[in-house]
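Engineer: Contents of entry_30.pdb (PDB, C-alpha atoms) are given next:
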ATOM      1  CA  MET A   1      -1.319 -34.007  11.740
ATOM      2  CA  SER A   2      -0.377 -31.649  14.580
ATOM      3  CA  ILE A   3      -2.995 -28.917  14.214
ATOM      4  CA  SER A   4      -3.746 -28.278  17.868
ATOM      5  CA  ARG A   5      -6.618 -25.842  17.580
ATOM      6  CA  THR A   6      -9.250 -24.939  14.999
ATOM      7  CA  VAL A   7     -11.439 -21.915  15.649
ATOM      8  CA  VAL A   8     -14.284 -20.746  13.442
ATOM      9  CA  HIS A   9     -16.130 -17.515  14.043
ATOM     10  CA  ARG A  10     -19.358 -16.849  12.247
ATOM     11  CA  ALA A  11     -20.618 -13.340  11.653
ATOM     12  CA  GLY A  12     -22.976 -12.429  14.456
ATOM     13  CA  GLY A  13     -22.299 -15.685  16.294
ATOM     14  CA  ALA A  14     -20.073 -16.982  19.053
ATOM     15  CA  VAL A  15     -16.696 -18.571  18.622
ATOM     16  CA  ASP A  16     -16.978 -22.272  17.863
ATOM     17  CA  GLU A  17     -13.999 -24.511  18.730
ATOM     18  CA  ALA A  18     -13.591 -27.982  17.337
ATOM     19  CA  GLU A  19     -10.888 -30.553  16.824
ATOM     20  CA  LEU A  20      -9.368 -31.050  13.403
ATOM     21  CA  GLN A  21     -11.118 -34.400  13.062
ATOM     22  CA  SER A  22     -14.471 -32.612  13.007
ATOM     23  CA  LEU A  23     -13.314 -30.165  10.306
ATOM     24  CA  ALA A  24     -12.362 -31.998   7.146
ATOM     25  CA  SER A  25     -10.207 -30.432   4.483
ATOM     26  CA  GLU A  26     -13.229 -29.933   2.231
ATOM     27  CA  SER A  27     -14.978 -27.776   4.865
ATOM     28  CA  ILE A  28     -11.781 -25.768   5.392
ATOM     29  CA  GLY A  29     -11.862 -24.945   1.707
ATOM     30  CA  ASP A  30     -15.488 -23.863   2.044
ATOM     31  CA  VAL A  31     -14.604 -21.626   4.986
ATOM     32  CA  ILE A  32     -11.739 -19.800   3.280
ATOM     33  CA  GLN A  33     -13.833 -19.245   0.167
ATOM     34  CA  GLY A  34     -16.796 -17.802   2.056
ATOM     35  CA  ASN A  35     -17.152 -14.383   3.620
ATOM     36  CA  ASP A  36     -19.367 -15.099   6.623
ATOM     37  CA  ARG A  37     -16.825 -17.055   8.674
ATOM     38  CA  ILE A  38     -13.313 -16.485   9.953
ATOM     39  CA  LEU A  39     -11.044 -19.520  10.287
ATOM     40  CA  TRP A  40      -8.029 -19.780  12.582
ATOM     41  CA  LEU A  41      -5.783 -22.838  12.439
ATOM     42  CA  ASP A  42      -3.028 -23.159  15.027
ATOM     43  CA  ILE A  43      -0.273 -25.682  14.220
ATOM     44  CA  GLN A  44       2.089 -26.768  16.977
ATOM     45  CA  ASP A  45       5.342 -28.477  15.946
ATOM     46  CA  PRO A  46       4.562 -28.551  12.200
ATOM     47  CA  THR A  47       5.441 -31.766  10.395
ATOM     48  CA  PRO A  48       6.065 -32.297   6.652
ATOM     49  CA  LYS A  49       2.484 -33.578   6.438
ATOM     50  CA  ASP A  50       1.204 -30.326   7.950
ATOM     51  CA  LEU A  51       3.240 -28.281   5.484
ATOM     52  CA  GLU A  52       1.869 -30.343   2.611
ATOM     53  CA  PHE A  53      -1.650 -29.679   3.918
ATOM     54  CA  LEU A  54      -0.962 -25.923   3.963
ATOM     55  CA  ARG A  55       0.567 -26.088   0.501
ATOM     56  CA  GLY A  56      -2.388 -27.925  -0.955
ATOM     57  CA  ASP A  57      -5.426 -26.455   0.815
ATOM     58  CA  PHE A  58      -4.225 -22.872   1.262
ATOM     59  CA  GLY A  59      -1.775 -22.562  -1.629
ATOM     60  CA  PHE A  60       0.953 -20.947   0.468
ATOM     61  CA  HIS A  61       4.178 -20.043  -1.304
ATOM     62  CA  GLU A  62       7.077 -22.446  -1.011
ATOM     63  CA  LEU A  63       9.363 -19.783   0.488
ATOM     64  CA  THR A  64       7.032 -19.185   3.416
ATOM     65  CA  LEU A  65       6.700 -22.914   4.053
ATOM     66  CA  GLN A  66      10.499 -23.211   4.053
ATOM     67  CA  ASP A  67      10.667 -20.464   6.680
ATOM     68  CA  VAL A  68       8.196 -22.393   8.826
ATOM     69  CA  ALA A  69      10.131 -25.649   8.408
ATOM     70  CA  ARG A  70      13.571 -24.165   9.124
ATOM     71  CA  GLY A  71      12.654 -21.638  11.825
ATOM     72  CA  ARG A  72      15.222 -19.209  13.279
ATOM     73  CA  GLN A  73      13.827 -16.317  11.252
ATOM     74  CA  ARG A  74      13.903 -12.644  12.150
ATOM     75  CA  PRO A  75      10.621 -10.739  12.615
ATOM     76  CA  LYS A  76       9.349  -9.695   9.203
ATOM     77  CA  ILE A  77       6.278  -9.124   7.040
ATOM     78  CA  GLU A  78       5.939 -10.215   3.413
ATOM     79  CA  HIS A  79       3.060 -10.020   0.932
ATOM     80  CA  TYR A  80       2.243 -12.980  -1.309
ATOM     81  CA  GLY A  81      -0.694 -12.164  -3.515
ATOM     82  CA  ASP A  82      -3.860 -12.906  -1.539
ATOM     83  CA  TYR A  83      -2.203 -13.419   1.853
ATOM     84  CA  THR A  84       0.434 -11.852   4.106
ATOM     85  CA  PHE A  85       3.172 -13.738   5.919
ATOM     86  CA  VAL A  86       4.396 -12.445   9.308
ATOM     87  CA  ILE A  87       7.062 -13.672  11.720
ATOM     88  CA  PHE A  88       6.537 -12.526  15.320
ATOM     89  CA  PHE A  89       7.890 -13.674  18.683
ATOM     90  CA  ALA A  90       6.511 -14.577  22.090
ATOM     91  CA  LEU A  91       9.153 -13.703  24.670
ATOM     92  CA  ARG A  92       9.724 -15.003  28.172
ATOM     93  CA  ARG A  93      12.761 -15.022  30.423
ATOM     94  CA  GLY A  94      15.408 -17.186  28.820
ATOM     95  CA  ARG A  95      13.111 -18.249  26.002
ATOM     96  CA  SER A  96      11.684 -16.936  22.757
ATOM     97  CA  ASP A  97       9.009 -18.680  20.676
ATOM     98  CA  GLU A  98       8.948 -17.927  16.968
ATOM     99  CA  ILE A  99       5.436 -17.746  15.503
ATOM    100  CA  ALA A 100       4.743 -17.836  11.759
ATOM    101  CA  ILE A 101       1.451 -16.114  10.914
ATOM    102  CA  PHE A 102      -0.422 -16.421   7.608
ATOM    103  CA  ILE A 103      -3.088 -13.710   7.212
ATOM    104  CA  GLY A 104      -5.690 -14.161   4.499
ATOM    105  CA  ALA A 105      -8.917 -12.379   3.678
ATOM    106  CA  ASN A 106     -10.909 -14.482   6.118
ATOM    107  CA  TYR A 107      -8.436 -16.886   7.704
ATOM    108  CA  LEU A 108      -5.492 -16.900  10.064
ATOM    109  CA  VAL A 109      -2.937 -19.701  10.289
ATOM    110  CA  THR A 110      -0.274 -19.783  12.999
ATOM    111  CA  ALA A 111       2.620 -22.240  13.191
ATOM    112  CA  HIS A 112       5.123 -22.572  16.024
ATOM    113  CA  ARG A 113       7.231 -25.050  17.975
ATOM    114  CA  GLY A 114       6.259 -25.912  21.507
ATOM    115  CA  LYS A 115       3.340 -24.616  23.495
ATOM    116  CA  VAL A 116       2.701 -20.878  23.371
ATOM    117  CA  PRO A 117       0.357 -19.758  26.186
ATOM    118  CA  GLU A 118      -0.375 -16.484  24.389
ATOM    119  CA  ILE A 119      -2.130 -18.449  21.626
ATOM    120  CA  GLU A 120      -4.663 -19.896  24.043
ATOM    121  CA  ASP A 121      -5.129 -16.543  25.775
ATOM    122  CA  THR A 122      -5.832 -14.901  22.422
ATOM    123  CA  VAL A 123      -8.929 -17.019  21.865
ATOM    124  CA  GLU A 124     -10.478 -15.490  24.979
ATOM    125  CA  ARG A 125      -9.349 -12.031  23.881
ATOM    126  CA  TRP A 126     -11.030 -12.679  20.539
ATOM    127  CA  ARG A 127     -14.267 -13.452  22.308
ATOM    128  CA  GLN A 128     -14.033 -10.297  24.428
ATOM    129  CA  ASN A 129     -13.309  -8.013  21.466
ATOM    130  CA  THR A 130     -15.938  -9.294  19.058
ATOM    131  CA  GLY A 131     -18.224  -6.347  19.827
ATOM    132  CA  ARG A 132     -15.511  -3.707  19.476
ATOM    133  CA  MET A 133     -14.291  -4.345  15.944
ATOM    134  CA  GLU A 134     -16.007  -5.285  12.725
ATOM    135  CA  HIS A 135     -16.244  -8.941  11.794
ATOM    136  CA  GLY A 136     -13.054  -9.866   9.980
ATOM    137  CA  VAL A 137      -9.605 -11.405  10.235
ATOM    138  CA  ALA A 138      -8.210  -8.155  11.691
ATOM    139  CA  LEU A 139      -9.780  -9.004  15.050
ATOM    140  CA  PRO A 140      -7.872 -12.256  15.764
ATOM    141  CA  VAL A 141      -4.680 -10.736  14.321
ATOM    142  CA  TYR A 142      -5.005  -7.742  16.640
ATOM    143  CA  SER A 143      -5.826  -9.950  19.644
ATOM    144  CA  LEU A 144      -2.822 -12.193  18.954
ATOM    145  CA  LEU A 145      -0.263  -9.417  18.405
ATOM    146  CA  ASP A 146      -1.610  -7.416  21.338
ATOM    147  CA  GLY A 147      -1.265 -10.437  23.620
ATOM    148  CA  LEU A 148       2.283 -11.108  22.434
ATOM    149  CA  VAL A 149       3.405  -7.503  22.942
ATOM    150  CA  ASP A 150       1.726  -7.295  26.363
ATOM    151  CA  GLY A 151       3.850 -10.283  27.346
ATOM    152  CA  TYR A 152       6.977  -8.158  26.883
ATOM    153  CA  PHE A 153       6.184  -5.834  29.783
ATOM    154  CA  PRO A 154       6.789  -8.406  32.572
ATOM    155  CA  ILE A 155      10.220  -9.037  31.055
ATOM    156  CA  ILE A 156      11.012  -5.317  31.175
ATOM    157  CA  ASP A 157       9.744  -5.067  34.762
ATOM    158  CA  GLU A 158      11.966  -7.979  35.793
ATOM    159  CA  ILE A 159      14.986  -6.391  34.094
ATOM    160  CA  ALA A 160      14.241  -3.092  35.875
ATOM    161  CA  GLU A 161      14.301  -4.899  39.235
ATOM    162  CA  ARG A 162      17.554  -6.662  38.359
ATOM    163  CA  VAL A 163      19.159  -3.362  37.350
ATOM    164  CA  GLU A 164      18.050  -1.711  40.612
ATOM    165  CA  VAL A 165      19.370  -4.569  42.759
ATOM    166  CA  LEU A 166      22.616  -4.627  40.817
ATOM    167  CA  GLU A 167      23.063  -0.879  41.243
ATOM    168  CA  ASN A 168      22.625  -1.136  45.021
ATOM    169  CA  ARG A 169      25.107  -3.991  45.261
ATOM    170  CA  MET A 170      27.717  -2.327  43.071
ATOM    171  CA  PHE A 171      27.882   0.802  45.220
ATOM    172  CA  ALA A 172      27.773  -0.962  48.569
ATOM    173  CA  PRO A 173      30.847  -0.462  50.825
ATOM    174  CA  ARG A 174      32.167  -3.814  49.687
ATOM    175  CA  GLY A 175      30.628  -3.980  46.254
ATOM    176  CA  GLY A 176      32.753  -6.727  44.782
ATOM    177  CA  ASN A 177      33.031  -7.463  41.076
ATOM    178  CA  HIS A 178      29.679  -7.296  39.261
ATOM    179  CA  VAL A 179      30.972  -6.713  35.741
ATOM    180  CA  PRO A 180      29.880 -10.214  34.535
ATOM    181  CA  GLU A 181      26.317  -9.541  35.754
ATOM    182  CA  VAL A 182      26.235  -6.172  33.998
ATOM    183  CA  LEU A 183      27.493  -7.702  30.759
ATOM    184  CA  ALA A 184      24.943 -10.535  31.025
ATOM    185  CA  LEU A 185      22.125  -8.014  31.441
ATOM    186  CA  LYS A 186      23.384  -5.968  28.494
ATOM    187  CA  ARG A 187      23.446  -9.144  26.427
ATOM    188  CA  ASP A 188      19.824  -9.905  27.361
ATOM    189  CA  LEU A 189      18.791  -6.368  26.422
ATOM    190  CA  LEU A 190      20.634  -6.623  23.115
ATOM    191  CA  HIS A 191      18.790  -9.855  22.356
ATOM    192  CA  LEU A 192      15.502  -8.115  23.158
ATOM    193  CA  ARG A 193      16.313  -5.200  20.894
ATOM    194  CA  ARG A 194      17.264  -7.482  18.017
ATOM    195  CA  THR A 195      13.764  -8.926  18.237
ATOM    196  CA  LEU A 196      11.759  -5.799  19.018
ATOM    197  CA  ALA A 197      13.244  -3.444  16.431
ATOM    198  CA  PRO A 198      12.140  -5.575  13.417
ATOM    199  CA  GLU A 199       8.745  -6.154  15.081
ATOM    200  CA  ARG A 200       8.301  -2.388  15.248
ATOM    201  CA  GLU A 201       8.769  -2.289  11.483
ATOM    202  CA  VAL A 202       6.199  -5.073  11.045
ATOM    203  CA  LEU A 203       3.628  -3.045  12.965
ATOM    204  CA  ASN A 204       4.641   0.060  11.044
ATOM    205  CA  VAL A 205       3.628  -1.716   7.837
ATOM    206  CA  LEU A 206       0.309  -2.824   9.368
ATOM    207  CA  ILE A 207      -0.622   0.756  10.335
ATOM    208  CA  ARG A 208       0.494   2.338   7.086
ATOM    209  CA  ARG A 209      -2.344   4.710   6.249
ATOM    210  CA  GLU A 210      -1.673   4.961   2.513
ATOM    211  CA  GLN A 211      -2.647   1.320   2.030
ATOM    212  CA  PRO A 212      -3.972  -0.188   5.262
ATOM    213  CA  LEU A 213      -3.454  -3.925   5.175
ATOM    214  CA  LEU A 214      -6.327  -4.872   7.454
ATOM    215  CA  GLY A 215      -8.736  -1.985   6.859
ATOM    216  CA  GLU A 216      -8.880   1.630   7.982
ATOM    217  CA  ASP A 217     -11.194   0.839  10.905
ATOM    218  CA  THR A 218      -8.468  -1.261  12.547
ATOM    219  CA  LEU A 219      -5.666   1.310  12.320
ATOM    220  CA  LEU A 220      -6.260   2.692  15.809
ATOM    221  CA  TYR A 221      -6.063  -0.774  17.344
ATOM    222  CA  PHE A 222      -2.787  -1.653  15.657
ATOM    223  CA  GLN A 223      -1.512   1.847  16.443
ATOM    224  CA  ASP A 224      -2.061   0.978  20.117
ATOM    225  CA  ILE A 225       0.123  -2.135  19.732
ATOM    226  CA  TYR A 226       2.729  -0.014  17.943
ATOM    227  CA  ASP A 227       2.748   2.449  20.849
ATOM    228  CA  HIS A 228       3.242  -0.423  23.300
ATOM    229  CA  ILE A 229       6.218  -1.830  21.439
ATOM    230  CA  ILE A 230       7.738   1.660  21.212
ATOM    231  CA  ARG A 231       7.430   1.900  25.003
ATOM    232  CA  VAL A 232       9.188  -1.446  25.397
ATOM    233  CA  LEU A 233      11.955  -0.398  23.010
ATOM    234  CA  ASP A 234      12.413   2.891  24.857
ATOM    235  CA  ALA A 235      12.699   0.968  28.128
ATOM    236  CA  VAL A 236      15.270  -1.392  26.594
ATOM    237  CA  ASP A 237      17.376   1.548  25.391
ATOM    238  CA  LEU A 238      16.995   3.283  28.758
ATOM    239  CA  TYR A 239      18.228   0.276  30.728
ATOM    240  CA  ARG A 240      21.071  -0.337  28.276
ATOM    241  CA  ASP A 241      22.238   3.248  28.795
ATOM    242  CA  GLN A 242      21.810   2.874  32.550
ATOM    243  CA  LEU A 243      23.874  -0.304  32.584
ATOM    244  CA  THR A 244      26.548   1.385  30.492
ATOM    245  CA  SER A 245      26.668   4.229  33.007
ATOM    246  CA  LEU A 246      26.793   1.736  35.895
ATOM    247  CA  LEU A 247      29.658  -0.110  34.250
ATOM    248  CA  GLU A 248      31.585   3.114  33.679
ATOM    249  CA  ALA A 249      30.932   4.243  37.262
ATOM    250  CA  HIS A 250      31.979   0.832  38.590
ATOM    251  CA  LEU A 251      35.215   0.897  36.609
ATOM    252  CA  SER A 252      35.854   4.442  37.822
ATOM    253  CA  VAL A 253      35.335   3.366  41.450
ATOM    254  CA  VAL A 254      37.641   0.389  40.955
ATOM    255  CA  SER A 255      40.254   2.658  39.379
ATOM    256  CA  ASN A 256      40.012   5.119  42.279
ATOM    257  CA  ARG A 257      40.382   2.300  44.794
ATOM    258  CA  LEU A 258      43.388   1.007  42.907
ATOM    259  CA  ASN A 259      44.959   4.483  42.862
ATOM    260  CA  PHE A 260      44.438   4.819  46.613
ATOM    261  CA  VAL A 261      45.968   1.406  47.247
ATOM    262  CA  MET A 262      48.931   2.270  45.041
ATOM    263  CA  LYS A 263      49.445   5.586  46.856
ATOM    264  CA  ARG A 264      49.318   3.813  50.225
ATOM    265  CA  MET A 265      51.754   1.154  49.132
ATOM    266  CA  THR A 266      54.079   3.785  47.646
ATOM    267  CA  SER A 267      53.967   5.793  50.892
ATOM    268  CA  LEU A 268      54.752   2.754  53.031
ATOM    269  CA  ALA A 269      57.523   1.692  50.683
ATOM    270  CA  THR A 270      59.050   5.199  50.840
ATOM    271  CA  ILE A 271      58.992   5.185  54.649
ATOM    272  CA  LEU A 272      60.594   1.748  54.808
ATOM    273  CA  MET A 273      63.189   2.720  52.222
ATOM    274  CA  SER A 274      64.161   5.839  54.221
ATOM    275  CA  VAL A 275      64.453   3.879  57.468
ATOM    276  CA  ASN A 276      66.397   1.165  55.659
ATOM    277  CA  LEU A 277      68.744   3.803  54.260
ATOM    278  CA  VAL A 278      69.748   4.829  57.786
ATOM    279  CA  ALA A 279      70.108   1.232  58.922
ATOM    280  CA  SER A 280      72.121   0.204  55.865
ATOM    281  CA  ASN A 281      74.404   3.241  56.226
ATOM    282  CA  TYR A 282      75.381   2.267  59.765
ATOM    283  CA  GLY A 283      75.580  -1.344  58.797
ATOM    284  CA  MET A 284      78.478  -0.797  56.419
ATOM    285  CA  ASN A 285      81.495  -2.817  57.399
ATOM    286  CA  PHE A 286      84.106  -0.044  57.654
ATOM    287  CA  ALA A 287      86.687   0.215  60.477
ATOM    288  CA  ARG A 288      86.763   4.007  60.605
ATOM    289  CA  MET A 289      83.234   5.288  61.318
ATOM    290  CA  PRO A 290      82.903   8.046  63.936
ATOM    291  CA  GLU A 291      79.680   6.724  65.430
ATOM    292  CA  LEU A 292      80.969   3.192  65.922
ATOM    293  CA  GLN A 293      82.915   4.159  69.068
ATOM    294  CA  TRP A 294      80.230   6.502  70.368
ATOM    295  CA  GLU A 295      78.474   5.393  73.559
ATOM    296  CA  TYR A 296      75.041   6.563  72.364
ATOM    297  CA  GLY A 297      75.489   5.708  68.690
ATOM    298  CA  TYR A 298      73.021   2.800  68.745
ATOM    299  CA  PHE A 299      70.241   4.829  70.375
ATOM    300  CA  PHE A 300      70.961   7.762  68.067
ATOM    301  CA  THR A 301      70.565   5.519  65.040
ATOM    302  CA  LEU A 302      67.274   4.098  66.296
ATOM    303  CA  GLY A 303      65.971   7.585  67.070
ATOM    304  CA  LEU A 304      67.018   8.836  63.642
ATOM    305  CA  MET A 305      65.143   5.993  61.943
ATOM    306  CA  VAL A 306      62.007   6.639  64.028
ATOM    307  CA  THR A 307      62.217  10.379  63.334
ATOM    308  CA  VAL A 308      62.607   9.930  59.571
ATOM    309  CA  GLY A 309      59.731   7.407  59.451
ATOM    310  CA  LEU A 310      57.461   9.609  61.595
ATOM    311  CA  VAL A 311      58.147  12.754  59.516
ATOM    312  CA  LEU A 312      57.388  10.917  56.254
ATOM    313  CA  PHE A 313      54.270   9.380  57.775
ATOM    314  CA  LEU A 314      52.948  12.828  58.758
ATOM    315  CA  ILE A 315      53.714  14.207  55.306
ATOM    316  CA  PHE A 316      51.877  11.376  53.522
ATOM    317  CA  LYS A 317      49.013  11.610  56.003
ATOM    318  CA  ARG A 318      48.654  15.298  55.240
ATOM    319  CA  LEU A 319      48.566  14.466  51.519
ATOM    320  CA  ASP A 320      45.844  11.866  52.261
ATOM    321  CA  TRP A 321      47.979   9.078  50.910
ATOM    322  CA  LEU A 322      47.602   7.029  54.082
TER     323      LEU A 322
END
For the structure just supplied, provide its representation as structure tokens.
Structural biologist:
Amino acid sequence: MSISRTVVHRAGGAVDEAELQSLASESIGDVIQGNDRILWLDIQDPTPKDLEFLRGDFGFHELTLQDVARGRQRPKIEHYGDYTFVIFFALRRGRSDEIAIFIGANYLVTAHRGKVPEIEDTVERWRQNTGRMEHGVALPVYSLLDGLVDGYFPIIDEIAERVEVLENRMFAPRGGNHVPEVLALKRDLLHLRRTLAPEREVLNVLIRREQPLLGEDTLLYFQDIYDHIIRVLDAVDLYRDQLTSLLEAHLSVVSNRLNFVMKRMTSLATILMSVNLVASNYGMNFARMPELQWEYGYFFTLGLMVTVGLVLFLIFKRLDWL
């Protein structure tokens, strides 16, 4: 079996950690039936044997076990009689770890794929918070969710730095094309929002005052987590709007540059066309042209072309087309 951590907390005592080999299935049954101890089982890379263990010893519903086996679920919260099933995510740059959480009266079971550092950090948070909340399963649940949500803030800080750097580069004298970077950032923010918005609803259910899931004394603690995730969501929406504005401003700058280039090319083409008109007129192959026998005809033609080009140049310069 792949249960990587078993934690038992006794009322009034310290947290006791042991390997699964030292906690047989019979003693797990004793723990979940008693009221003086809180059990937390953490399962990394669950196997069919692990799922069978959860089905037999904990009596978890088949639908929840299918969600654990298949993965790729959206954040959600579901009630199944004497336990609650929650899907939550640990997020890092370029990676998201799905965590299935079973919350019973006096037990907590987490299942995930790969190593999740927040799980190990939560054990220490559990120790630190034992004197702040009443003995119960709400404490490890709060410590776990609080640690997961706190892990979102470094991601937002990194995105804020990327947006600032991108903004400076886009409006540099030679900004270049940064549209792919903007679209990549918007895609990352959209992925974040797709995860965070359902998690907000999960926490909204946990802090529902009409029927508090984990007790009225814990509402303030879960409200704090809810406030944190609202802050993260607000930041995500803020940076999405900022990137949209940057993209629009960038496209406007590109359009203005293109208009200026087109005006310059049109001005130069007009000047060349006018000069060419004079040259082509005197280049016609006719025998009877007054200027052909004129001594100063060649110099007159050159002067006329220079004069026409210079006059048009001054006009376009005055119009700021050149």
Engineer: Please expand the PyMOL selection byres ((chain A and resi 139-148) around 7) into the concrete residues it hits in this file, giving the result as a ChimeraX atom specification.
Structural biologist: /A:90,118-119,122,125-126,133,136-138,149-151,222,225
Engineer: Kindly indicate which residue among A:Leu238, A:Leu219, A:Ala249, A:Leu310 lies nearest to A:Val179, using only C-alpha atoms for the distances.
Structural biologist: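 With only C-alpha atoms as the atom set, the closest residue is A:Ala249.
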Engineer: Quick one: distance from atom CA of A:Lys49 to atom CA of A:Ala69 in Å, one decimal?
Structural biologist: 11.2 Å
Engineer: Would you mind telling me which residue in A:Arg93, A:Arg37, A:Arg264, A:His61 lies nearest to A:Leu189 when using all atoms listed in the file?
Structural biologist: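 With all atoms listed in the file as the atom set, the closest residue is A:Arg93.
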Engineer: How many Å separate atom CA of A:Glu62 from atom CA of A:Val123?
Structural biologist: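 Rounded to one decimal, the two atoms are 28.4 Å apart.
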Engineer: Separation of atom CA of A:Val236 and atom CA of A:His178, in Å?
Structural biologist: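 Computing the Euclidean distance for atom CA of A:Val236 and atom CA of A:His178 yields 20.1 Å.
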Engineer: So that I can see what lies close to A:Glu201, please list as a list in words the residues with an atom at most 12 Å from it, counting only C-alpha atoms and leaving out residues fewer than 2 positions away in the same chain.
Structural biologist: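 The filter keeps Arg74, Pro75, Lys76, Ile77, Glu78, Val86, Ile87, Phe88, Arg194, Thr195, Leu196, Ala197, Pro198, Glu199, Leu203, Asn204, Val205, Leu206, Ile207, Arg208, Ile225, Tyr226, Ile229 and Ile230 of chain A.
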Engineer: Can I get the selected residues back with C-alpha atoms, as a PDB file, in the frame of the given file?
Structural biologist:
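And here is the file that came out, part04.pdb:
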ATOM      1  CA  ARG A  74      13.903 -12.644  12.150  1.00  0.00           C
ATOM      2  CA  PRO A  75      10.621 -10.739  12.615  1.00  0.00           C
ATOM      3  CA  LYS A  76       9.349  -9.695   9.203  1.00  0.00           C
ATOM      4  CA  ILE A  77       6.278  -9.124   7.040  1.00  0.00           C
ATOM      5  CA  GLU A  78       5.939 -10.215   3.413  1.00  0.00           C
ATOM      6  CA  VAL A  86       4.396 -12.445   9.308  1.00  0.00           C
ATOM      7  CA  ILE A  87       7.062 -13.672  11.720  1.00  0.00           C
ATOM      8  CA  PHE A  88       6.537 -12.526  15.320  1.00  0.00           C
ATOM      9  CA  ARG A 194      17.264  -7.482  18.017  1.00  0.00           C
ATOM     10  CA  THR A 195      13.764  -8.926  18.237  1.00  0.00           C
ATOM     11  CA  LEU A 196      11.759  -5.799  19.018  1.00  0.00           C
ATOM     12  CA  ALA A 197      13.244  -3.444  16.431  1.00  0.00           C
ATOM     13  CA  PRO A 198      12.140  -5.575  13.417  1.00  0.00           C
ATOM     14  CA  GLU A 199       8.745  -6.154  15.081  1.00  0.00           C
ATOM     15  CA  LEU A 203       3.628  -3.045  12.965  1.00  0.00           C
ATOM     16  CA  ASN A 204       4.641   0.060  11.044  1.00  0.00           C
ATOM     17  CA  VAL A 205       3.628  -1.716   7.837  1.00  0.00           C
ATOM     18  CA  LEU A 206       0.309  -2.824   9.368  1.00  0.00           C
ATOM     19  CA  ILE A 207      -0.622   0.756  10.335  1.00  0.00           C
ATOM     20  CA  ARG A 208       0.494   2.338   7.086  1.00  0.00           C
ATOM     21  CA  ILE A 225       0.123  -2.135  19.732  1.00  0.00           C
ATOM     22  CA  TYR A 226       2.729  -0.014  17.943  1.00  0.00           C
ATOM     23  CA  ILE A 229       6.218  -1.830  21.439  1.00  0.00           C
ATOM     24  CA  ILE A 230       7.738   1.660  21.212  1.00  0.00           C
TER      25      ILE A 230
END
Engineer: Mind dumping stretch 232-246 of chain A from that block, keeping N, CA and C atoms, as an mmCIF file, in the first residue's frame?
Structural biologist:
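The resulting file, part_33.cif, is shown below:
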data_model
loop_
_atom_site.group_PDB
_atom_site.id
_atom_site.type_symbol
_atom_site.label_atom_id
_atom_site.label_comp_id
_atom_site.auth_asym_id
_atom_site.auth_seq_id
_atom_site.Cartn_x
_atom_site.Cartn_y
_atom_site.Cartn_z
ATOM 1 N N VAL A 232 -6.959 36.536 -3.943
ATOM 2 C CA VAL A 232 -6.253 35.948 -5.080
ATOM 3 C C VAL A 232 -7.093 36.082 -6.349
ATOM 4 N N LEU A 233 -8.392 35.823 -6.232
ATOM 5 C CA LEU A 233 -9.268 35.948 -7.396
ATOM 6 C C LEU A 233 -9.332 37.386 -7.894
ATOM 7 N N ASP A 234 -9.399 38.330 -6.962
ATOM 8 C CA ASP A 234 -9.401 39.745 -7.356
ATOM 9 C C ASP A 234 -8.111 40.100 -8.089
ATOM 10 N N ALA A 235 -6.987 39.577 -7.605
ATOM 11 C CA ALA A 235 -5.707 39.843 -8.264
ATOM 12 C C ALA A 235 -5.681 39.231 -9.662
ATOM 13 N N VAL A 236 -6.220 38.022 -9.798
ATOM 14 C CA VAL A 236 -6.271 37.374 -11.113
ATOM 15 C C VAL A 236 -7.084 38.214 -12.088
ATOM 16 N N ASP A 237 -8.260 38.679 -11.637
ATOM 17 C CA ASP A 237 -9.105 39.504 -12.511
ATOM 18 C C ASP A 237 -8.420 40.829 -12.834
ATOM 19 N N LEU A 238 -7.732 41.401 -11.844
ATOM 20 C CA LEU A 238 -7.032 42.667 -12.070
ATOM 21 C C LEU A 238 -5.961 42.525 -13.141
ATOM 22 N N TYR A 239 -5.143 41.469 -13.052
ATOM 23 C CA TYR A 239 -4.066 41.294 -14.010
ATOM 24 C C TYR A 239 -4.594 40.882 -15.384
ATOM 25 N N ARG A 240 -5.712 40.167 -15.421
ATOM 26 C CA ARG A 240 -6.326 39.862 -16.716
ATOM 27 C C ARG A 240 -6.780 41.143 -17.402
ATOM 28 N N ASP A 241 -7.424 42.033 -16.636
ATOM 29 C CA ASP A 241 -7.855 43.313 -17.207
ATOM 30 C C ASP A 241 -6.653 44.148 -17.631
ATOM 31 N N GLN A 242 -5.592 44.115 -16.812
ATOM 32 C CA GLN A 242 -4.397 44.884 -17.157
ATOM 33 C C GLN A 242 -3.761 44.354 -18.434
ATOM 34 N N LEU A 243 -3.707 43.044 -18.579
ATOM 35 C CA LEU A 243 -3.136 42.469 -19.791
ATOM 36 C C LEU A 243 -4.002 42.777 -21.014
ATOM 37 N N THR A 244 -5.317 42.784 -20.813
ATOM 38 C CA THR A 244 -6.201 43.152 -21.916
ATOM 39 C C THR A 244 -5.946 44.591 -22.350
ATOM 40 N N SER A 245 -5.788 45.470 -21.367
ATOM 41 C CA SER A 245 -5.487 46.875 -21.683
ATOM 42 C C SER A 245 -4.130 47.007 -22.364
ATOM 43 N N LEU A 246 -3.132 46.247 -21.881
ATOM 44 C CA LEU A 246 -1.811 46.273 -22.513
ATOM 45 C C LEU A 246 -1.886 45.807 -23.962
#
